[in-house]
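Colleague: My questions will all concern the structure given below.
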Amino acid sequence: MKAPIGWLEQQLDEWVDASLVTSENAAKIRARYTEGDTDRSNRLMMIFAIFGALLIGAGFISIFAYNWEELSRAAKAVIAFVLLGLAIVFAVYAKLRKEGSAAYSEGAAIFWSVAFVGAFAIIAQTYNLGGDLVSFMQFTTVMTLPILYIFNSRGVAALSFISIVALICSATGDGGSAHTISWLLMIAWLAWYIWRLIFMRFEYATIVFNLLFALGMLAVFNIELNHLIVGYELFFHALYCGFFWLASALLYPKETRFYRKPIEEFSKFAIAIVLLILSIDSDDSWLLGNGYRDYWEIDNALFFMLCAPYLAMLGFFIAKYYKERSYELFFTVAPFLIFFATEINLSGNESGLLFTLFTAIGAILLIVNGTKQLELWRANQGIMLLSILILIKFFDSDLGFLEKGIGFIVIGTLFLGANWLMNRFIKKQRKVMQ
(Lines give C-alpha, C1' and ligand atoms only; values in the text may rest on other atoms or scores of the structure.)
Protein backbone atom coordinates (compact mmCIF):
# COMPACT_ATOMS: atom_id res chain seq x y z
CA MET A 1 0.00 0.00 0.00
CA LYS A 2 1.42 3.38 -1.04
CA ALA A 3 1.55 6.22 1.45
CA PRO A 4 -0.33 9.49 0.68
CA ILE A 5 1.81 11.60 -1.67
CA GLY A 6 0.60 15.07 -0.66
CA TRP A 7 3.87 15.71 1.18
CA LEU A 8 5.86 14.52 -1.82
CA GLU A 9 3.88 16.75 -4.22
CA GLN A 10 4.73 19.80 -2.11
CA GLN A 11 8.39 18.85 -1.81
CA LEU A 12 8.74 18.23 -5.53
CA ASP A 13 7.57 21.76 -6.31
CA GLU A 14 10.08 23.15 -3.81
CA TRP A 15 12.88 20.96 -5.21
CA VAL A 16 12.17 22.22 -8.73
CA ASP A 17 12.17 25.84 -7.54
CA ALA A 18 15.50 25.23 -5.75
CA SER A 19 16.90 23.54 -8.89
CA LEU A 20 17.52 20.30 -6.96
CA VAL A 21 15.68 18.31 -9.62
CA THR A 22 14.53 19.17 -13.12
CA SER A 23 10.86 19.44 -14.08
CA GLU A 24 11.20 16.26 -16.16
CA ASN A 25 12.63 14.28 -13.23
CA ALA A 26 9.93 15.64 -10.92
CA ALA A 27 7.28 14.46 -13.37
CA LYS A 28 8.86 10.99 -13.48
CA ILE A 29 8.95 10.77 -9.67
CA ARG A 30 5.33 11.93 -9.44
CA ALA A 31 4.27 9.37 -12.08
CA ARG A 32 6.08 6.58 -10.26
CA TYR A 33 4.13 7.18 -7.04
CA THR A 34 0.75 7.76 -8.66
CA GLU A 35 0.83 4.90 -11.18
CA GLY A 36 -0.49 2.34 -8.68
CA ASP A 37 -3.37 4.65 -7.75
CA THR A 38 -4.31 5.05 -11.43
CA ASP A 39 -4.23 1.29 -11.99
CA ARG A 40 -6.37 0.76 -8.90
CA SER A 41 -8.85 3.37 -10.11
CA ASN A 42 -9.04 1.70 -13.53
CA ARG A 43 -9.70 -1.68 -11.96
CA LEU A 44 -12.50 -0.23 -9.83
CA MET A 45 -14.04 1.46 -12.87
CA MET A 46 -13.88 -1.81 -14.79
CA ILE A 47 -15.57 -3.72 -11.94
CA PHE A 48 -18.30 -1.08 -11.67
CA ALA A 49 -18.75 -1.16 -15.46
CA ILE A 50 -19.28 -4.93 -15.43
CA PHE A 51 -21.68 -4.69 -12.51
CA GLY A 52 -23.54 -1.80 -14.15
CA ALA A 53 -23.87 -3.65 -17.47
CA LEU A 54 -25.33 -6.66 -15.68
CA LEU A 55 -27.79 -4.45 -13.80
CA ILE A 56 -28.88 -2.71 -17.02
CA GLY A 57 -29.45 -6.08 -18.70
CA ALA A 58 -31.40 -7.37 -15.72
CA GLY A 59 -33.41 -4.15 -15.63
CA PHE A 60 -34.50 -4.47 -19.26
CA ILE A 61 -35.50 -8.08 -18.67
CA SER A 62 -37.49 -7.16 -15.54
CA ILE A 63 -39.35 -4.32 -17.28
CA PHE A 64 -40.44 -6.45 -20.21
CA ALA A 65 -41.18 -9.47 -18.04
CA TYR A 66 -43.87 -7.50 -16.18
CA ASN A 67 -46.40 -7.73 -19.02
CA TRP A 68 -44.63 -10.40 -21.03
CA GLU A 69 -47.53 -12.79 -21.46
CA GLU A 70 -49.77 -10.09 -22.87
CA LEU A 71 -47.35 -9.12 -25.66
CA SER A 72 -47.75 -10.50 -29.17
CA ARG A 73 -45.08 -12.58 -30.89
CA ALA A 74 -44.11 -9.68 -33.12
CA ALA A 75 -43.73 -7.35 -30.12
CA LYS A 76 -41.51 -9.87 -28.34
CA ALA A 77 -39.34 -10.23 -31.43
CA VAL A 78 -39.02 -6.45 -31.77
CA ILE A 79 -38.01 -6.15 -28.10
CA ALA A 80 -35.38 -8.85 -28.56
CA PHE A 81 -33.83 -7.19 -31.61
CA VAL A 82 -34.01 -3.68 -30.15
CA LEU A 83 -32.21 -4.88 -27.01
CA LEU A 84 -29.55 -6.57 -29.13
CA GLY A 85 -29.30 -3.54 -31.42
CA LEU A 86 -28.70 -1.18 -28.51
CA ALA A 87 -25.96 -3.44 -27.21
CA ILE A 88 -24.26 -3.59 -30.62
CA VAL A 89 -24.45 0.21 -31.05
CA PHE A 90 -22.88 0.71 -27.63
CA ALA A 91 -20.22 -1.90 -28.46
CA VAL A 92 -19.32 -0.14 -31.74
CA TYR A 93 -19.10 3.20 -29.93
CA ALA A 94 -16.88 1.74 -27.21
CA LYS A 95 -14.62 0.09 -29.78
CA LEU A 96 -14.24 3.09 -32.09
CA ARG A 97 -14.34 6.01 -29.65
CA LYS A 98 -13.37 4.57 -26.25
CA GLU A 99 -10.97 1.79 -27.16
CA GLY A 100 -8.47 2.76 -24.48
CA SER A 101 -11.05 2.64 -21.68
CA ALA A 102 -11.24 -0.66 -19.79
CA ALA A 103 -14.54 0.39 -18.24
CA TYR A 104 -16.21 1.03 -21.61
CA SER A 105 -14.74 -2.14 -23.14
CA GLU A 106 -15.83 -4.38 -20.28
CA GLY A 107 -19.26 -2.77 -20.02
CA ALA A 108 -19.88 -3.00 -23.77
CA ALA A 109 -18.68 -6.62 -23.96
CA ILE A 110 -20.81 -7.78 -21.02
CA PHE A 111 -23.86 -5.84 -22.25
CA TRP A 112 -23.50 -7.31 -25.74
CA SER A 113 -23.13 -10.87 -24.40
CA VAL A 114 -26.08 -10.58 -22.02
CA ALA A 115 -28.21 -8.91 -24.70
CA PHE A 116 -27.49 -11.66 -27.21
CA VAL A 117 -28.29 -14.44 -24.75
CA GLY A 118 -31.47 -12.63 -23.69
CA ALA A 119 -32.55 -11.92 -27.28
CA PHE A 120 -31.98 -15.49 -28.40
CA ALA A 121 -33.84 -16.82 -25.34
CA ILE A 122 -36.80 -14.57 -26.22
CA ILE A 123 -36.84 -15.73 -29.87
CA ALA A 124 -36.43 -19.40 -28.93
CA GLN A 125 -39.23 -19.24 -26.37
CA THR A 126 -41.57 -17.14 -28.50
CA TYR A 127 -41.29 -19.26 -31.64
CA ASN A 128 -40.81 -22.64 -29.90
CA LEU A 129 -37.48 -23.42 -31.59
CA GLY A 130 -37.04 -26.52 -29.44
CA GLY A 131 -33.79 -27.91 -28.07
CA ASP A 132 -32.60 -28.30 -24.52
CA LEU A 133 -30.53 -26.21 -22.10
CA VAL A 134 -27.24 -27.74 -23.29
CA SER A 135 -27.98 -26.85 -26.91
CA PHE A 136 -28.96 -23.33 -25.87
CA MET A 137 -25.75 -22.84 -23.87
CA GLN A 138 -23.65 -24.28 -26.66
CA PHE A 139 -25.11 -21.98 -29.32
CA THR A 140 -24.90 -18.82 -27.19
CA THR A 141 -21.33 -19.63 -26.14
CA VAL A 142 -20.27 -20.13 -29.77
CA MET A 143 -21.87 -16.82 -30.76
CA THR A 144 -20.57 -14.73 -27.85
CA LEU A 145 -17.01 -16.11 -27.68
CA PRO A 146 -15.81 -13.75 -30.48
CA ILE A 147 -16.72 -10.83 -28.19
CA LEU A 148 -13.92 -12.02 -25.92
CA TYR A 149 -11.40 -11.45 -28.71
CA ILE A 150 -12.93 -8.20 -29.99
CA PHE A 151 -12.75 -6.48 -26.59
CA ASN A 152 -10.22 -8.68 -24.74
CA SER A 153 -12.92 -8.77 -22.07
CA ARG A 154 -12.12 -10.41 -18.78
CA GLY A 155 -15.77 -10.50 -17.77
CA VAL A 156 -16.81 -12.31 -20.95
CA ALA A 157 -13.80 -14.62 -20.57
CA ALA A 158 -14.90 -15.65 -17.07
CA LEU A 159 -18.53 -16.21 -18.12
CA SER A 160 -17.47 -18.12 -21.25
CA PHE A 161 -15.10 -20.37 -19.33
CA ILE A 162 -17.70 -21.26 -16.71
CA SER A 163 -20.18 -22.02 -19.50
CA ILE A 164 -17.66 -24.18 -21.39
CA VAL A 165 -16.74 -26.16 -18.28
CA ALA A 166 -20.42 -26.77 -17.60
CA LEU A 167 -20.91 -27.92 -21.21
CA ILE A 168 -17.98 -30.35 -21.07
CA CYS A 169 -19.16 -31.82 -17.78
CA SER A 170 -22.74 -32.23 -19.02
CA ALA A 171 -21.68 -33.78 -22.36
CA THR A 172 -19.15 -36.23 -20.89
CA GLY A 173 -20.22 -39.83 -21.36
CA ASP A 174 -22.68 -38.98 -24.12
CA GLY A 175 -19.98 -38.49 -26.74
CA GLY A 176 -21.08 -37.23 -30.12
CA SER A 177 -20.92 -33.74 -31.56
CA ALA A 178 -21.93 -31.95 -28.33
CA HIS A 179 -18.84 -33.24 -26.54
CA THR A 180 -16.56 -32.43 -29.49
CA ILE A 181 -17.93 -28.89 -29.87
CA SER A 182 -17.50 -28.26 -26.13
CA TRP A 183 -13.82 -29.17 -26.30
CA LEU A 184 -13.33 -27.07 -29.45
CA LEU A 185 -14.78 -24.13 -27.51
CA MET A 186 -12.32 -24.83 -24.70
CA ILE A 187 -9.43 -24.79 -27.20
CA ALA A 188 -10.67 -21.45 -28.58
CA TRP A 189 -10.82 -20.04 -25.03
CA LEU A 190 -7.36 -21.45 -24.21
CA ALA A 191 -5.83 -19.49 -27.09
CA TRP A 192 -6.88 -16.25 -25.35
CA TYR A 193 -5.71 -17.53 -21.95
CA ILE A 194 -2.27 -18.56 -23.25
CA TRP A 195 -1.91 -15.15 -24.91
CA ARG A 196 -2.50 -13.53 -21.51
CA LEU A 197 0.04 -15.82 -19.86
CA ILE A 198 2.65 -14.81 -22.43
CA PHE A 199 2.07 -11.05 -22.46
CA MET A 200 0.19 -10.25 -19.24
CA ARG A 201 1.39 -12.88 -16.81
CA PHE A 202 1.68 -10.58 -13.79
CA GLU A 203 -1.65 -8.77 -14.16
CA TYR A 204 -4.09 -9.40 -11.33
CA ALA A 205 -6.76 -10.53 -13.79
CA THR A 206 -4.43 -13.18 -15.23
CA ILE A 207 -3.61 -14.44 -11.75
CA VAL A 208 -7.32 -14.72 -10.97
CA PHE A 209 -7.85 -16.60 -14.24
CA ASN A 210 -5.05 -19.00 -13.26
CA LEU A 211 -7.04 -20.03 -10.20
CA LEU A 212 -10.33 -20.10 -12.14
CA PHE A 213 -8.72 -22.33 -14.77
CA ALA A 214 -7.33 -24.71 -12.15
CA LEU A 215 -10.69 -25.06 -10.41
CA GLY A 216 -12.61 -25.42 -13.68
CA MET A 217 -10.29 -28.05 -15.03
CA LEU A 218 -10.51 -29.92 -11.73
CA ALA A 219 -14.25 -30.26 -12.36
CA VAL A 220 -13.59 -31.45 -15.92
CA PHE A 221 -10.86 -33.80 -14.69
CA ASN A 222 -13.19 -35.45 -12.20
CA ILE A 223 -15.91 -35.95 -14.79
CA GLU A 224 -13.82 -36.94 -17.80
CA LEU A 225 -11.35 -39.31 -16.14
CA ASN A 226 -13.55 -40.84 -13.46
CA HIS A 227 -14.20 -44.02 -15.47
CA LEU A 228 -10.48 -44.47 -16.22
CA ILE A 229 -8.98 -44.07 -12.75
CA VAL A 230 -10.98 -46.39 -10.51
CA GLY A 231 -8.71 -47.16 -7.58
CA TYR A 232 -6.16 -44.48 -8.53
CA GLU A 233 -8.22 -41.42 -7.65
CA LEU A 234 -5.90 -40.04 -4.98
CA PHE A 235 -2.81 -40.56 -7.14
CA PHE A 236 -4.29 -38.70 -10.10
CA HIS A 237 -5.66 -35.90 -7.92
CA ALA A 238 -2.26 -35.43 -6.27
CA LEU A 239 -0.65 -35.49 -9.73
CA TYR A 240 -3.16 -32.90 -10.96
CA CYS A 241 -2.48 -30.55 -8.04
CA GLY A 242 1.27 -31.14 -8.34
CA PHE A 243 1.12 -30.21 -12.01
CA PHE A 244 -0.53 -26.87 -11.25
CA TRP A 245 1.85 -26.26 -8.36
CA LEU A 246 4.83 -26.72 -10.69
CA ALA A 247 3.23 -24.55 -13.38
CA SER A 248 2.68 -21.71 -10.91
CA ALA A 249 6.14 -22.09 -9.36
CA LEU A 250 7.74 -21.90 -12.81
CA LEU A 251 5.59 -18.94 -13.92
CA TYR A 252 6.15 -16.95 -10.72
CA PRO A 253 9.48 -18.22 -9.33
CA LYS A 254 10.38 -15.11 -7.32
CA GLU A 255 6.91 -14.28 -6.03
CA THR A 256 6.42 -14.66 -2.26
CA ARG A 257 3.10 -12.87 -1.70
CA PHE A 258 0.12 -15.17 -1.21
CA TYR A 259 -2.33 -13.21 -3.37
CA ARG A 260 0.09 -13.25 -6.32
CA LYS A 261 0.34 -17.05 -6.46
CA PRO A 262 -3.07 -18.47 -5.48
CA ILE A 263 -2.71 -21.66 -7.59
CA GLU A 264 0.48 -22.56 -5.76
CA GLU A 265 -1.20 -22.24 -2.38
CA PHE A 266 -4.39 -23.95 -3.55
CA SER A 267 -2.40 -26.91 -4.95
CA LYS A 268 -0.24 -27.15 -1.86
CA PHE A 269 -3.33 -27.16 0.34
CA ALA A 270 -5.04 -29.86 -1.79
CA ILE A 271 -1.98 -32.14 -1.73
CA ALA A 272 -1.68 -31.66 2.04
CA ILE A 273 -5.32 -32.78 2.44
CA VAL A 274 -4.63 -35.95 0.41
CA LEU A 275 -1.56 -36.72 2.54
CA LEU A 276 -3.50 -36.15 5.76
CA ILE A 277 -6.30 -38.43 4.56
CA LEU A 278 -3.78 -41.16 3.76
CA SER A 279 -2.11 -40.78 7.15
CA ILE A 280 -5.27 -42.12 8.82
CA ASP A 281 -4.80 -45.66 10.14
CA SER A 282 -7.33 -48.16 8.85
CA ASP A 283 -7.94 -51.89 9.05
CA ASP A 284 -8.03 -52.05 5.27
CA SER A 285 -6.51 -49.95 2.52
CA TRP A 286 -9.69 -48.68 0.86
CA LEU A 287 -8.18 -45.20 0.70
CA LEU A 288 -5.64 -46.49 -1.82
CA GLY A 289 -8.31 -48.26 -3.82
CA ASN A 290 -7.24 -51.78 -2.93
CA GLY A 291 -10.86 -52.71 -2.42
CA TYR A 292 -11.26 -52.50 -6.20
CA ARG A 293 -8.36 -54.79 -7.07
CA ASP A 294 -10.57 -57.46 -8.64
CA TYR A 295 -11.71 -55.31 -11.55
CA TRP A 296 -9.53 -52.21 -11.73
CA GLU A 297 -6.55 -51.49 -13.91
CA ILE A 298 -4.73 -48.35 -14.97
CA ASP A 299 -4.86 -46.99 -18.50
CA ASN A 300 -1.17 -47.10 -19.48
CA ALA A 301 -1.49 -44.52 -22.26
CA LEU A 302 -3.22 -42.11 -19.90
CA PHE A 303 -0.65 -42.76 -17.18
CA PHE A 304 2.35 -41.97 -19.39
CA MET A 305 0.58 -39.07 -21.13
CA LEU A 306 0.11 -37.34 -17.77
CA CYS A 307 3.35 -38.39 -16.08
CA ALA A 308 5.72 -37.48 -18.93
CA PRO A 309 5.05 -33.71 -18.93
CA TYR A 310 4.88 -33.74 -15.14
CA LEU A 311 8.34 -35.32 -14.85
CA ALA A 312 9.70 -32.92 -17.48
CA MET A 313 8.43 -29.92 -15.50
CA LEU A 314 9.69 -31.41 -12.23
CA GLY A 315 13.15 -31.97 -13.74
CA PHE A 316 13.28 -28.40 -15.01
CA PHE A 317 12.16 -27.06 -11.63
CA ILE A 318 14.80 -29.10 -9.77
CA ALA A 319 17.55 -28.04 -12.17
CA LYS A 320 16.70 -24.35 -11.88
CA TYR A 321 15.34 -23.81 -8.36
CA TYR A 322 16.53 -26.76 -6.28
CA LYS A 323 18.71 -24.70 -3.94
CA GLU A 324 16.05 -22.07 -3.37
CA ARG A 325 12.97 -24.27 -2.98
CA SER A 326 14.12 -27.80 -2.26
CA TYR A 327 12.02 -27.80 0.93
CA GLU A 328 8.81 -27.90 -1.13
CA LEU A 329 9.75 -30.85 -3.30
CA PHE A 330 7.86 -33.21 -1.02
CA PHE A 331 4.63 -31.78 -2.46
CA THR A 332 5.74 -32.67 -5.98
CA VAL A 333 6.93 -36.21 -5.22
CA ALA A 334 3.83 -37.04 -3.15
CA PRO A 335 1.89 -38.40 -6.20
CA PHE A 336 4.57 -40.99 -6.91
CA LEU A 337 4.69 -42.09 -3.28
CA ILE A 338 0.91 -42.60 -3.47
CA PHE A 339 1.31 -44.61 -6.67
CA PHE A 340 4.07 -46.72 -5.08
CA ALA A 341 1.95 -47.43 -1.98
CA THR A 342 -0.98 -48.39 -4.22
CA GLU A 343 1.06 -50.72 -6.43
CA ILE A 344 2.68 -52.68 -3.59
CA ASN A 345 -0.75 -53.13 -2.00
CA LEU A 346 0.03 -51.73 1.46
CA SER A 347 -2.39 -52.40 4.26
CA GLY A 348 -4.26 -49.54 5.89
CA ASN A 349 -1.98 -49.42 8.93
CA GLU A 350 1.16 -49.61 6.81
CA SER A 351 0.03 -46.81 4.49
CA GLY A 352 -1.03 -44.75 7.52
CA LEU A 353 2.45 -45.03 9.02
CA LEU A 354 4.18 -44.30 5.70
CA PHE A 355 2.20 -41.13 5.00
CA THR A 356 2.35 -39.98 8.62
CA LEU A 357 6.15 -40.00 8.45
CA PHE A 358 6.19 -38.41 5.00
CA THR A 359 3.78 -35.62 6.02
CA ALA A 360 5.67 -34.97 9.27
CA ILE A 361 8.96 -34.61 7.36
CA GLY A 362 7.32 -32.22 4.92
CA ALA A 363 5.85 -30.12 7.75
CA ILE A 364 9.23 -29.91 9.50
CA LEU A 365 10.89 -28.84 6.22
CA LEU A 366 8.37 -26.02 5.87
CA ILE A 367 8.97 -24.87 9.45
CA VAL A 368 12.76 -24.98 9.18
CA ASN A 369 12.97 -23.26 5.79
CA GLY A 370 10.27 -20.72 6.63
CA THR A 371 12.26 -19.75 9.72
CA LYS A 372 15.53 -19.68 7.81
CA GLN A 373 14.09 -17.50 5.03
CA LEU A 374 12.15 -15.35 7.56
CA GLU A 375 8.84 -16.25 5.87
CA LEU A 376 6.22 -16.43 8.64
CA TRP A 377 3.43 -17.67 6.34
CA ARG A 378 5.51 -20.63 5.17
CA ALA A 379 6.60 -21.54 8.71
CA ASN A 380 2.97 -21.33 9.89
CA GLN A 381 1.94 -23.69 7.10
CA GLY A 382 4.34 -26.27 8.48
CA ILE A 383 3.16 -25.74 12.06
CA MET A 384 -0.48 -26.07 11.01
CA LEU A 385 0.20 -29.20 8.94
CA LEU A 386 2.06 -30.83 11.84
CA SER A 387 -0.66 -29.85 14.32
CA ILE A 388 -3.45 -31.34 12.17
CA LEU A 389 -1.40 -34.50 11.71
CA ILE A 390 -1.03 -34.86 15.48
CA LEU A 391 -4.78 -34.26 15.93
CA ILE A 392 -5.52 -37.03 13.43
CA LYS A 393 -3.32 -39.39 15.40
CA PHE A 394 -5.27 -38.48 18.55
CA PHE A 395 -8.54 -39.28 16.78
CA ASP A 396 -7.07 -42.61 15.67
CA SER A 397 -6.00 -43.50 19.20
CA ASP A 398 -8.01 -45.48 21.74
CA LEU A 399 -7.98 -42.64 24.27
CA GLY A 400 -11.22 -41.52 25.90
CA PHE A 401 -12.99 -38.20 25.38
CA LEU A 402 -11.32 -36.65 28.43
CA GLU A 403 -7.82 -37.58 27.31
CA LYS A 404 -8.54 -36.44 23.75
CA GLY A 405 -9.98 -33.15 25.01
CA ILE A 406 -6.88 -32.48 27.09
CA GLY A 407 -4.73 -33.40 24.10
CA PHE A 408 -6.57 -30.93 21.86
CA ILE A 409 -6.11 -28.16 24.43
CA VAL A 410 -2.40 -28.93 24.70
CA ILE A 411 -1.93 -29.05 20.93
CA GLY A 412 -3.88 -25.80 20.45
CA THR A 413 -1.81 -24.08 23.15
CA LEU A 414 1.44 -25.33 21.62
CA PHE A 415 0.29 -24.17 18.18
CA LEU A 416 -0.47 -20.64 19.43
CA GLY A 417 2.78 -20.55 21.43
CA ALA A 418 4.86 -21.74 18.49
CA ASN A 419 3.19 -19.19 16.23
CA TRP A 420 3.91 -16.37 18.69
CA LEU A 421 7.54 -17.41 19.17
CA MET A 422 8.04 -17.81 15.42
CA ASN A 423 6.50 -14.42 14.71
CA ARG A 424 8.65 -12.75 17.36
CA PHE A 425 11.83 -14.44 16.15
CA ILE A 426 11.26 -13.56 12.47
CA LYS A 427 10.43 -9.92 13.25
CA LYS A 428 13.54 -9.65 15.42
CA GLN A 429 15.74 -11.13 12.67
CA ARG A 430 14.27 -8.75 10.08
CA LYS A 431 15.11 -5.78 12.30
CA VAL A 432 18.68 -7.07 12.70
CA MET A 433 19.02 -7.40 8.90
CA GLN A 434 17.80 -3.84 8.41
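Each chain in the C-alpha coordinates gets a letter, A, B, ..., in the order shown, and its residues are numbered from 1; ligands are numbered from 1 in order too.
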For Val142 (chain A), please output as a list of chain:residue names all residues within 10 Å (counting only C-alpha atoms; exclusion window: fewer than 6 positions along the same chain).
Modeller: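 Listing them by chain and then by number gives A:Ser160, A:Ile164, A:Ile181, A:Ser182, A:Leu184, A:Leu185, A:Ala188.
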Colleague: Produce a file of the selected residues containing N, CA and C atoms, as a PDB file, in the first residue's frame.
Modeller:
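Generated file (again.pdb):
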```pdb
ATOM      1  N   SER A 160     -17.637 -17.103 -20.203  1.00  0.00           N
ATOM      2  CA  SER A 160     -17.474 -18.121 -21.252  1.00  0.00           C
ATOM      3  C   SER A 160     -16.825 -19.377 -20.704  1.00  0.00           C
ATOM      4  N   ILE A 164     -18.324 -23.088 -20.674  1.00  0.00           N
ATOM      5  CA  ILE A 164     -17.656 -24.184 -21.394  1.00  0.00           C
ATOM      6  C   ILE A 164     -17.405 -25.368 -20.465  1.00  0.00           C
ATOM      7  N   ILE A 181     -17.786 -30.341 -29.769  1.00  0.00           N
ATOM      8  CA  ILE A 181     -17.929 -28.889 -29.868  1.00  0.00           C
ATOM      9  C   ILE A 181     -17.526 -28.219 -28.554  1.00  0.00           C
ATOM     10  N   SER A 182     -17.861 -28.835 -27.437  1.00  0.00           N
ATOM     11  CA  SER A 182     -17.502 -28.263 -26.133  1.00  0.00           C
ATOM     12  C   SER A 182     -15.997 -28.168 -25.981  1.00  0.00           C
ATOM     13  N   LEU A 184     -13.815 -28.063 -28.487  1.00  0.00           N
ATOM     14  CA  LEU A 184     -13.329 -27.070 -29.453  1.00  0.00           C
ATOM     15  C   LEU A 184     -13.484 -25.656 -28.893  1.00  0.00           C
ATOM     16  N   LEU A 185     -14.583 -25.418 -28.171  1.00  0.00           N
ATOM     17  CA  LEU A 185     -14.776 -24.130 -27.509  1.00  0.00           C
ATOM     18  C   LEU A 185     -13.702 -23.898 -26.447  1.00  0.00           C
ATOM     19  N   ALA A 188     -10.568 -22.853 -28.154  1.00  0.00           N
ATOM     20  CA  ALA A 188     -10.669 -21.450 -28.577  1.00  0.00           C
ATOM     21  C   ALA A 188     -10.465 -20.510 -27.391  1.00  0.00           C
TER      22      ALA A 188
END
```
Colleague: For Met200 (chain A), find every residue with an atom within 12 Å (counting only C-alpha atoms), except residues of its own chain fewer than 5 positions away, and show them as a list in words.
Modeller: Asn152, Trp192, Tyr193, Ile194, Trp195, Ala205, Thr206, Ile207, Phe209, Asn210 and Leu251 of chain A
Colleague: Those same residues, written as a PDB file, in the first residue's frame with N, CA and C atoms?
Modeller:
```pdb
ATOM      1  N   ASN A 152     -11.143  -8.137 -25.743  1.00  0.00           N
ATOM      2  CA  ASN A 152     -10.224  -8.678 -24.736  1.00  0.00           C
ATOM      3  C   ASN A 152     -10.857  -8.569 -23.349  1.00  0.00           C
ATOM      4  N   TRP A 192      -6.869 -17.569 -26.019  1.00  0.00           N
ATOM      5  CA  TRP A 192      -6.875 -16.254 -25.350  1.00  0.00           C
ATOM      6  C   TRP A 192      -6.132 -16.317 -24.019  1.00  0.00           C
ATOM      7  N   TYR A 193      -6.344 -17.380 -23.274  1.00  0.00           N
ATOM      8  CA  TYR A 193      -5.711 -17.527 -21.953  1.00  0.00           C
ATOM      9  C   TYR A 193      -4.188 -17.636 -22.077  1.00  0.00           C
ATOM     10  N   ILE A 194      -3.716 -18.408 -23.046  1.00  0.00           N
ATOM     11  CA  ILE A 194      -2.272 -18.560 -23.253  1.00  0.00           C
ATOM     12  C   ILE A 194      -1.657 -17.225 -23.682  1.00  0.00           C
ATOM     13  N   TRP A 195      -2.388 -16.478 -24.510  1.00  0.00           N
ATOM     14  CA  TRP A 195      -1.914 -15.148 -24.907  1.00  0.00           C
ATOM     15  C   TRP A 195      -1.715 -14.263 -23.681  1.00  0.00           C
ATOM     16  N   ALA A 205      -5.709  -9.767 -13.105  1.00  0.00           N
ATOM     17  CA  ALA A 205      -6.763 -10.528 -13.788  1.00  0.00           C
ATOM     18  C   ALA A 205      -6.236 -11.883 -14.251  1.00  0.00           C
ATOM     19  N   THR A 206      -5.020 -11.908 -14.771  1.00  0.00           N
ATOM     20  CA  THR A 206      -4.429 -13.176 -15.225  1.00  0.00           C
ATOM     21  C   THR A 206      -4.236 -14.135 -14.057  1.00  0.00           C
ATOM     22  N   ILE A 207      -3.812 -13.602 -12.938  1.00  0.00           N
ATOM     23  CA  ILE A 207      -3.606 -14.436 -11.752  1.00  0.00           C
ATOM     24  C   ILE A 207      -4.932 -15.014 -11.264  1.00  0.00           C
ATOM     25  N   PHE A 209      -7.492 -15.597 -13.245  1.00  0.00           N
ATOM     26  CA  PHE A 209      -7.846 -16.598 -14.243  1.00  0.00           C
ATOM     27  C   PHE A 209      -7.053 -17.888 -14.050  1.00  0.00           C
ATOM     28  N   ASN A 210      -5.822 -17.789 -13.552  1.00  0.00           N
ATOM     29  CA  ASN A 210      -5.051 -18.996 -13.263  1.00  0.00           C
ATOM     30  C   ASN A 210      -5.799 -19.885 -12.273  1.00  0.00           C
ATOM     31  N   LEU A 251       6.046 -20.220 -13.381  1.00  0.00           N
ATOM     32  CA  LEU A 251       5.593 -18.945 -13.924  1.00  0.00           C
ATOM     33  C   LEU A 251       5.955 -17.779 -13.005  1.00  0.00           C
TER      34      LEU A 251
END
```
Colleague: Extract, using only C-alpha atoms, all DNA, RNA and protein residues at most 12 Å from Ser163 (chain A), discarding same-chain residues fewer than 5 positions from it, and format them as a list of chain:residue names.
Modeller: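 Counting only the stated atoms, we get A:Leu133, A:Val134, A:Ser135, A:Phe136, A:Met137, A:Gln138, A:Phe139, A:Thr140, A:Thr141, A:Val142, A:Thr144, A:Leu145, A:Val156, A:Ala157, A:Ala158, A:Ile168, A:Cys169, A:Ser170, A:Ser182, A:Trp183, A:Leu185, A:Met186, A:Trp189, A:Gly216.
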